[in-house]
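Peer 1: What follows is work-v4.txt, compact mmCIF, C-alpha atoms.
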```txt
# COMPACT_ATOMS: atom_id res chain seq x y z
CA MET A 1 -59.79 53.52 -69.61
CA ILE A 2 -63.44 52.64 -69.20
CA ASP A 3 -64.16 48.92 -69.01
CA PRO A 4 -66.55 48.09 -71.90
CA ALA A 5 -68.12 45.48 -69.62
CA SER A 6 -69.29 48.29 -67.29
CA GLY A 7 -71.91 49.24 -69.93
CA PRO A 8 -74.41 49.53 -71.41
CA PHE A 9 -74.06 53.21 -72.31
CA LEU A 10 -76.02 55.85 -74.20
CA PHE A 11 -73.99 57.51 -76.96
CA ASP A 12 -74.59 61.23 -77.47
CA THR A 13 -74.52 62.76 -80.97
CA SER A 14 -71.08 64.24 -80.23
CA ALA A 15 -69.70 60.85 -79.10
CA GLU A 16 -71.02 59.10 -82.19
CA SER A 17 -69.38 61.76 -84.39
CA TYR A 18 -66.10 61.49 -82.49
CA LEU A 19 -65.97 57.69 -82.75
CA SER A 20 -66.99 57.76 -86.42
CA GLN A 21 -63.91 59.84 -87.19
CA SER A 22 -61.50 58.24 -84.73
CA GLN A 23 -58.24 56.91 -86.17
CA SER A 24 -57.06 55.61 -82.80
CA PRO A 25 -56.63 51.80 -82.83
CA ALA A 26 -57.28 51.76 -79.06
CA GLU A 27 -60.62 53.58 -79.45
CA VAL A 28 -61.67 51.33 -82.34
CA GLU A 29 -60.73 48.27 -80.29
CA TRP A 30 -62.72 49.61 -77.34
CA LEU A 31 -65.79 50.13 -79.52
CA MET A 32 -65.51 46.67 -81.07
CA GLY A 33 -65.20 45.13 -77.61
CA TYR A 34 -68.19 47.09 -76.37
CA MET A 35 -70.36 46.07 -79.34
CA THR A 36 -69.79 42.38 -78.63
CA LEU A 37 -71.24 42.93 -75.15
CA PHE A 38 -73.97 45.58 -75.40
CA PRO A 39 -76.15 47.45 -77.87
CA VAL A 40 -75.04 50.90 -79.02
CA PHE A 41 -77.89 52.87 -77.45
CA VAL A 42 -78.70 56.24 -79.03
CA ALA A 43 -81.57 58.61 -78.29
CA VAL A 44 -84.07 59.27 -81.05
CA VAL A 45 -83.12 62.94 -80.58
CA THR A 46 -79.62 62.09 -81.82
CA VAL A 47 -81.14 60.52 -84.92
CA MET A 48 -83.15 63.72 -85.42
CA GLU A 49 -80.06 65.94 -85.02
CA ARG A 50 -77.98 63.88 -87.42
CA ALA A 51 -80.75 63.55 -90.01
CA ARG A 52 -81.48 67.29 -89.87
CA GLY A 53 -77.78 67.91 -90.50
CA TYR A 54 -77.79 65.71 -93.61
CA PHE A 55 -81.00 67.32 -94.92
CA LEU A 56 -79.51 70.78 -94.42
CA ALA A 57 -76.20 69.77 -96.01
CA ARG A 58 -78.11 68.39 -98.99
CA SER A 59 -80.15 71.56 -99.37
CA ARG A 60 -77.02 73.75 -99.23
CA CYS A 61 -74.65 71.81 -101.48
CA ALA A 62 -74.18 71.98 -105.24
CA PRO A 63 -76.57 69.70 -107.18
CA ALA A 64 -73.67 67.47 -108.25
CA ARG A 65 -72.87 66.69 -104.61
CA ARG A 66 -76.39 65.81 -103.51
CA MET A 67 -76.07 62.10 -104.32
CA GLU A 68 -72.93 61.87 -102.20
CA ILE A 69 -74.62 63.51 -99.20
CA GLU A 70 -77.61 61.18 -99.64
CA SER A 71 -75.35 58.12 -99.68
CA LYS A 72 -73.74 59.29 -96.43
CA MET A 73 -77.14 59.76 -94.84
CA LEU A 74 -78.18 56.32 -96.07
CA ALA A 75 -75.06 54.79 -94.49
CA TYR A 76 -76.01 56.42 -91.20
CA ILE A 77 -79.62 55.19 -91.39
CA GLN A 78 -78.41 51.68 -92.23
CA SER A 79 -76.18 51.72 -89.16
CA LEU A 80 -79.28 52.29 -87.03
CA ASN A 81 -81.15 49.35 -88.49
CA VAL A 82 -78.60 46.66 -87.72
CA SER A 83 -77.90 45.07 -84.40
CA PRO A 84 -76.22 46.09 -82.09
CA SER A 85 -77.65 49.58 -82.73
CA ARG A 86 -80.64 50.46 -80.57
CA VAL A 87 -82.60 53.72 -80.79
CA LEU A 88 -84.41 54.78 -77.61
CA SER A 89 -87.71 56.59 -78.23
CA LEU A 90 -89.10 59.58 -76.40
CA THR A 91 -91.49 58.62 -73.62
CA THR A 92 -93.77 60.51 -71.26
CA ALA A 93 -91.15 60.24 -68.49
CA ILE A 94 -88.44 61.65 -70.78
CA GLY A 95 -90.80 64.47 -71.83
CA LEU A 96 -91.60 65.42 -68.23
CA LEU A 97 -87.98 65.29 -67.14
CA SER A 98 -86.89 67.37 -70.15
CA ALA A 99 -89.59 69.95 -69.37
CA GLN A 100 -88.33 70.22 -65.79
CA MET A 101 -84.73 70.76 -66.91
CA MET A 102 -85.75 73.22 -69.65
CA THR A 103 -87.68 75.24 -67.07
CA MET A 104 -84.83 75.31 -64.57
CA MET A 105 -82.10 75.98 -67.15
CA PRO A 106 -83.85 77.77 -70.02
CA ALA A 107 -80.69 79.26 -71.51
CA PRO A 108 -77.71 77.29 -72.81
CA PRO A 109 -74.64 77.45 -70.55
CA THR A 110 -72.28 78.44 -73.37
CA PRO A 111 -72.58 80.91 -76.28
CA PRO A 112 -73.23 79.92 -79.90
CA VAL A 113 -70.37 78.34 -81.86
CA HIS A 114 -68.25 80.77 -83.90
CA SER A 115 -65.31 79.96 -86.11
CA HIS A 116 -63.40 82.27 -88.43
CA ARG A 117 -66.03 81.87 -91.13
CA LEU A 118 -69.03 80.03 -89.70
CA SER A 119 -71.39 80.99 -86.91
CA GLU A 120 -74.37 79.49 -85.11
CA SER A 121 -77.43 81.66 -84.48
CA ARG A 122 -78.75 82.14 -80.94
CA GLN A 123 -81.94 80.37 -81.98
CA ASP A 124 -80.04 77.32 -83.27
CA ARG A 125 -77.88 77.29 -80.13
CA LEU A 126 -81.07 77.22 -78.05
CA SER A 127 -82.54 74.35 -80.05
CA ARG A 128 -79.24 72.41 -79.71
CA TRP A 129 -79.36 72.99 -75.94
CA ARG A 130 -82.90 71.60 -75.81
CA PHE A 131 -81.83 68.55 -77.81
CA ASP A 132 -79.00 67.99 -75.30
CA ILE A 133 -81.51 68.19 -72.46
CA MET A 134 -83.69 65.54 -74.12
CA ILE A 135 -80.66 63.27 -74.63
CA ALA A 136 -79.67 63.70 -70.97
CA ALA A 137 -83.27 62.92 -69.94
CA THR A 138 -83.18 59.75 -72.06
CA ALA A 139 -80.00 58.66 -70.27
CA LEU A 140 -81.55 59.41 -66.87
CA VAL A 141 -84.85 57.61 -67.50
CA HIS A 142 -83.09 54.52 -68.86
CA ASN A 143 -80.44 54.74 -66.12
CA LEU A 144 -77.65 54.64 -68.68
CA PRO A 145 -74.32 56.49 -68.32
CA LEU A 146 -73.99 59.04 -71.14
CA ILE A 147 -70.90 59.00 -73.36
CA HIS A 148 -70.35 62.45 -74.83
CA ASN A 149 -67.88 64.90 -76.30
CA ASN A 150 -69.72 67.99 -75.08
CA PRO A 151 -68.63 68.43 -71.45
CA ARG A 152 -69.81 71.98 -70.84
CA ASP A 153 -73.47 71.38 -71.70
CA PHE A 154 -73.81 68.03 -69.97
CA GLU A 155 -71.80 68.99 -66.89
CA SER A 156 -74.24 71.87 -66.35
CA LEU A 157 -77.13 69.42 -66.36
CA ARG A 158 -75.31 67.00 -64.05
CA ALA A 159 -74.64 69.87 -61.63
CA LEU A 160 -78.29 70.97 -61.78
CA ILE A 161 -79.53 67.52 -60.80
CA GLU A 162 -76.95 67.24 -58.02
CA THR A 163 -77.86 70.66 -56.65
CA VAL A 164 -81.61 70.08 -56.43
CA PRO A 165 -82.15 66.30 -56.44
CA GLU A 166 -85.57 66.76 -54.83
CA ARG A 167 -86.78 68.27 -58.11
CA PHE A 168 -85.81 65.07 -59.93
CA PRO A 169 -87.31 62.30 -57.82
CA GLY A 170 -86.44 58.76 -58.77
CA VAL A 171 -83.75 59.66 -61.29
CA GLY A 172 -80.11 60.56 -61.26
CA PRO A 173 -77.35 61.19 -60.81
CA LEU A 174 -76.51 61.89 -64.44
CA ASN A 175 -73.45 59.72 -65.05
CA LEU A 176 -71.20 61.24 -67.68
CA ILE A 177 -68.25 59.68 -69.48
CA SER A 178 -66.07 61.67 -71.85
CA VAL A 179 -65.63 59.79 -75.12
CA LYS A 180 -61.92 60.69 -74.94
CA ARG A 181 -61.57 58.66 -71.74
CA LEU A 182 -62.94 55.41 -73.19
CA ALA A 183 -59.61 53.98 -74.27
CA ALA A 184 -57.23 56.40 -72.55
CA MET B 1 -126.00 27.67 -88.98
CA LEU B 2 -124.15 29.32 -86.13
CA LYS B 3 -121.32 26.83 -86.56
CA ALA B 4 -121.08 27.62 -90.26
CA ALA B 5 -120.97 31.36 -89.49
CA ALA B 6 -118.24 30.79 -86.91
CA ARG B 7 -116.24 28.76 -89.42
CA ARG B 8 -116.62 31.53 -92.01
CA GLN B 9 -115.51 34.11 -89.43
CA ALA B 10 -112.53 32.03 -88.37
CA LYS B 11 -111.49 31.66 -92.00
CA HIS B 12 -111.27 35.44 -92.40
CA ALA B 13 -109.85 36.23 -88.94
CA PRO B 14 -106.18 37.25 -88.79
CA SER B 15 -104.02 34.20 -88.17
CA ARG B 16 -102.35 33.96 -84.75
CA SER B 17 -98.64 33.31 -84.62
CA ARG B 18 -97.89 29.59 -84.42
CA THR B 19 -97.11 28.22 -81.00
CA ARG B 20 -95.26 25.14 -79.78
CA ARG B 21 -95.70 23.36 -76.49
CA THR B 22 -92.48 22.90 -74.50
CA THR B 23 -91.22 22.22 -70.99
CA TRP B 24 -88.68 24.48 -69.29
CA THR B 25 -87.16 24.49 -65.84
CA LEU B 26 -87.12 28.03 -64.42
CA PRO B 27 -86.00 29.50 -61.10
CA GLN B 28 -89.02 29.68 -58.79
CA GLU B 29 -88.69 33.41 -58.18
CA VAL B 30 -88.59 34.14 -61.93
CA LEU B 31 -91.69 32.05 -62.45
CA ARG B 32 -93.45 33.85 -59.56
CA ASP B 33 -92.58 37.21 -61.14
CA VAL B 34 -93.92 36.08 -64.52
CA GLU B 35 -97.14 34.84 -62.90
CA ARG B 36 -97.55 38.16 -61.07
CA PHE B 37 -96.87 40.07 -64.31
CA ALA B 38 -99.44 37.93 -66.15
CA GLY B 39 -101.99 38.45 -63.36
CA ASP B 40 -101.55 42.22 -63.44
CA ARG B 41 -102.16 42.23 -67.18
CA HIS B 42 -104.99 39.67 -67.12
CA GLN B 43 -102.95 37.48 -69.46
CA SER B 44 -102.10 33.81 -69.47
CA VAL B 45 -98.65 32.94 -68.13
CA SER B 46 -97.71 31.65 -71.60
CA SER B 47 -98.64 34.94 -73.28
CA ALA B 48 -96.86 36.98 -70.62
CA ALA B 49 -93.71 34.81 -70.83
CA ALA B 50 -93.70 35.09 -74.64
CA TYR B 51 -94.04 38.88 -74.39
CA LEU B 52 -91.25 39.19 -71.83
CA LEU B 53 -88.93 36.90 -73.78
CA GLU B 54 -89.56 38.85 -76.98
CA GLN B 55 -88.80 42.15 -75.21
CA GLY B 56 -85.68 40.72 -73.59
CA LEU B 57 -84.38 39.30 -76.86
CA ARG B 58 -84.82 42.67 -78.56
CA GLN B 59 -82.43 44.17 -76.01
CA GLN B 60 -79.71 41.64 -76.78
CA PRO B 61 -77.05 42.25 -79.42
CA SER B 62 -77.35 39.70 -82.18
CA PRO B 63 -74.36 37.34 -82.19
CA LYS B 64 -74.34 37.70 -85.98
CA ALA B 65 -73.98 41.47 -85.72
CA SER B 66 -70.72 42.93 -86.81
CA GLY B 67 -69.26 45.91 -85.04
CA VAL B 68 -66.88 46.26 -87.98
CA ASP B 69 -69.85 46.80 -90.31
CA ILE B 70 -71.38 49.44 -88.06
CA LEU B 71 -68.09 51.32 -87.75
CA ALA B 72 -67.69 51.15 -91.55
CA MET B 73 -71.19 52.67 -91.96
CA TRP B 74 -70.42 55.38 -89.39
CA ARG B 75 -67.17 56.21 -91.18
CA LYS B 76 -68.87 56.33 -94.56
CA SER B 77 -71.47 58.70 -93.09
CA PHE B 78 -68.69 61.17 -92.16
CA THR B 79 -65.84 60.70 -94.64
CA GLY B 80 -65.46 63.47 -97.19
CA LEU B 81 -67.71 65.98 -95.45
CA THR B 82 -66.61 69.61 -95.42
CA GLU B 83 -66.07 71.39 -92.09
CA GLU B 84 -69.51 72.99 -92.35
CA GLU B 85 -71.21 69.68 -93.23
CA ARG B 86 -69.46 67.91 -90.31
CA LEU B 87 -70.79 70.54 -87.92
CA LEU B 88 -74.29 70.17 -89.41
CA VAL B 89 -74.43 66.41 -88.91
CA ASP B 90 -72.97 66.92 -85.44
CA GLY B 91 -76.13 68.92 -84.66
CA ILE B 92 -74.50 72.37 -84.91
CA ILE B 93 -76.35 74.49 -87.44
CA VAL B 94 -73.87 77.05 -88.75
CA GLU B 95 -74.15 79.70 -91.41
CA ASP B 96 -71.53 81.64 -93.32
CA PRO B 97 -72.63 85.26 -92.67
CA SER B 98 -70.36 86.59 -95.42
CA ALA B 99 -72.04 84.29 -97.97
CA GLU B 100 -75.46 85.55 -96.87
CA SER B 101 -74.59 89.20 -97.38
CA LYS B 102 -73.23 88.59 -100.89
```
Now, as a test, write the supplied structure out as structure tokens.

Peer 2:
Amino acid sequence: MIDPASGPFLFDTSAESYLSQSQSPAEVEWLMGYMTLFPVFVAVVTVMERARGYFLARSRCAPARRMEIESKMLAYIQSLNVSPSRVLSLTTAIGLLSAQMMTMMPAPPTPPVHSHRLSESRQDRLSRWRFDIMIAATALVHNLPLIHNNPRDFESLRALIETVPERFPGVGPLNLISVKRLAA
Amino acid sequence: MLKAAARRQAKHAPSRSRTRRTTWTLPQEVLRDVERFAGDRHQSVSSAAAYLLEQGLRQQPSPKASGVDILAMWRKSFTGLTEEERLLVDGIIVEDPSAESK
């Protein structure tokens, strides 16, 4: 169990998705407790990833379903505009740090996602990796622990920073918290 | 004539936010930091303190905010999505290769 009072935290796209769908009373209680203490920080890159997903879903669905997808996207946007939500913008420091990480780890640590019917292209996997790097850089620059549900990608970045800290002066370590540990 | 021109100019100038004079008791070290901050920015201490307070307040969760409302919005943004749509809004852009070849 992670003490909500040990925040504030940055919530990765994967953590936000996990908590949005959680049916666990303990996880809901944890989130409610956290929100009375701290803002729900998200990186602007997360907003971009989520919004791109809704736009794509809208473009792919049947015309009759478009309104429903739009209402879901609107609900998400509304959640960003009320306190205690707080979107952290990209800054020069985040850009420089992301560039350093992208140079040192240009390829994603895991292959594209494949299920029985759906698959992710190598190009989309690469862009998702770069988004993850920018989210990690946002956490590092703001000195916020990152709550995530994507251990393999973020652990690779944490290990990179630990291995060559001299390449990341003034930042780090990258503190990671699995969203599944919040209320466990 | 100059006074009249200045009055005309003032009339059309953008209005500054209203201010109120007050007296606060602050820890000396905080006040020293604010004075240093104001000096670095060539601002008055009042302007610098107003800026810092505004920034600090923006970082605070509003006591009126409802976590229940936010969770309800998050849930609405996900409920009823198909597997493919859930992956898309999770940032994973997937395609159905069999659908493409049809």

Peer 1: Suppose you want the space between CA of Pro112 in chain A and CA of Arg52 in chain A; what is it in Å?

Peer 2: 18.1 Å

Peer 1: Quick one: which chain B residues come within 9 Å of chain A, and what is the nearest atom pair for each with the distance in Å to one decimal, counting only C-alpha atoms, rows ordered by chain and ascending number, as CSV?

Peer 2:
```
residue,atom,partner,partner_atom,distance
B:Gln59,CA,A:Pro39,CA,7.3
B:Gln60,CA,A:Pro39,CA,6.9
B:Pro61,CA,A:Pro84,CA,4.8
B:Ser62,CA,A:Ser83,CA,5.8
B:Pro63,CA,A:Thr36,CA,7.7
B:Lys64,CA,A:Ser83,CA,8.3
B:Ala65,CA,A:Ser83,CA,5.5
B:Ser66,CA,A:Ser83,CA,7.9
B:Gly67,CA,A:Met32,CA,5.5
B:Val68,CA,A:Met32,CA,7.1
B:Asp69,CA,A:Ser79,CA,8.1
B:Ile70,CA,A:Ser79,CA,5.4
B:Leu71,CA,A:Ser20,CA,6.7
B:Ala72,CA,A:Ser20,CA,8.4
B:Met73,CA,A:Ala75,CA,5.1
B:Trp74,CA,A:Ser20,CA,5.1
B:Arg75,CA,A:Ser20,CA,5.0
B:Lys76,CA,A:Lys72,CA,6.0
B:Ser77,CA,A:Lys72,CA,4.1
B:Phe78,CA,A:Lys72,CA,6.9
B:Thr79,CA,A:Gln21,CA,7.7
B:Leu81,CA,A:Ile69,CA,8.2
B:Glu84,CA,A:Leu118,CA,7.5
B:Glu85,CA,A:Ala57,CA,5.7
B:Arg86,CA,A:Gly53,CA,8.3
B:Leu87,CA,A:Gly53,CA,7.9
B:Leu88,CA,A:Gly53,CA,4.3
B:Val89,CA,A:Gly53,CA,4.0
B:Asp90,CA,A:Ser14,CA,6.2
B:Gly91,CA,A:Glu49,CA,4.9
B:Ile92,CA,A:Arg128,CA,7.0
B:Ile93,CA,A:Glu120,CA,5.9
B:Val94,CA,A:Glu120,CA,4.4
B:Glu95,CA,A:Leu118,CA,5.4
B:Asp96,CA,A:Leu118,CA,4.7
B:Pro97,CA,A:Leu118,CA,7.0
B:Ser98,CA,A:Arg117,CA,7.7
```

Peer 1: So for range 24-35 of chain A, what box centre and size do we get, axis-aligned, 6 Å extra on each of the six sides, every listed atom, Å to one decimal, as JSON?

Peer 2:
```
{"center_x": -63.5, "center_y": 50.4, "center_z": -79.6, "size_x": 25.7, "size_y": 22.5, "size_z": 18.5}
```

Peer 1: Residues at most 9 Å from Leu88 in chain A, counting only C-alpha atoms, excluding those fewer than 6 positions away in the same chain, as a PyMOL selection string?

Peer 2: chain A and resi 41-45+138+142

Peer 1: Just to confirm, what's the straight-line distance from CA of Asn175 in chain A to CA of Glu155 in chain A in Å (one decimal)?

Peer 2: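 So the answer is 9.6 Å.
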
Peer 1: With all atoms listed in the file as the counted atoms, please give the residues lying no more than 8 Å from Pro108 in chain A, apart from itself and same-chain residues fewer than 6 positions off, as a list in words.

Peer 2: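 Returned residues: Arg125, Leu126, Trp129 and Asp153 of chain A.
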
Peer 1: Can those selected residues be exported to a file as a PDB file, in the frame of the given file so that it contains C-alpha atoms?

Peer 2:
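Writing the result to selection-v7.pdb gives the following:
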```
ATOM      1  CA  ARG A 125     -77.880  77.290 -80.130  1.00  0.00           C
ATOM      2  CA  LEU A 126     -81.070  77.220 -78.050  1.00  0.00           C
ATOM      3  CA  TRP A 129     -79.360  72.990 -75.940  1.00  0.00           C
ATOM      4  CA  ASP A 153     -73.470  71.380 -71.700  1.00  0.00           C
TER       5      ASP A 153
END
```
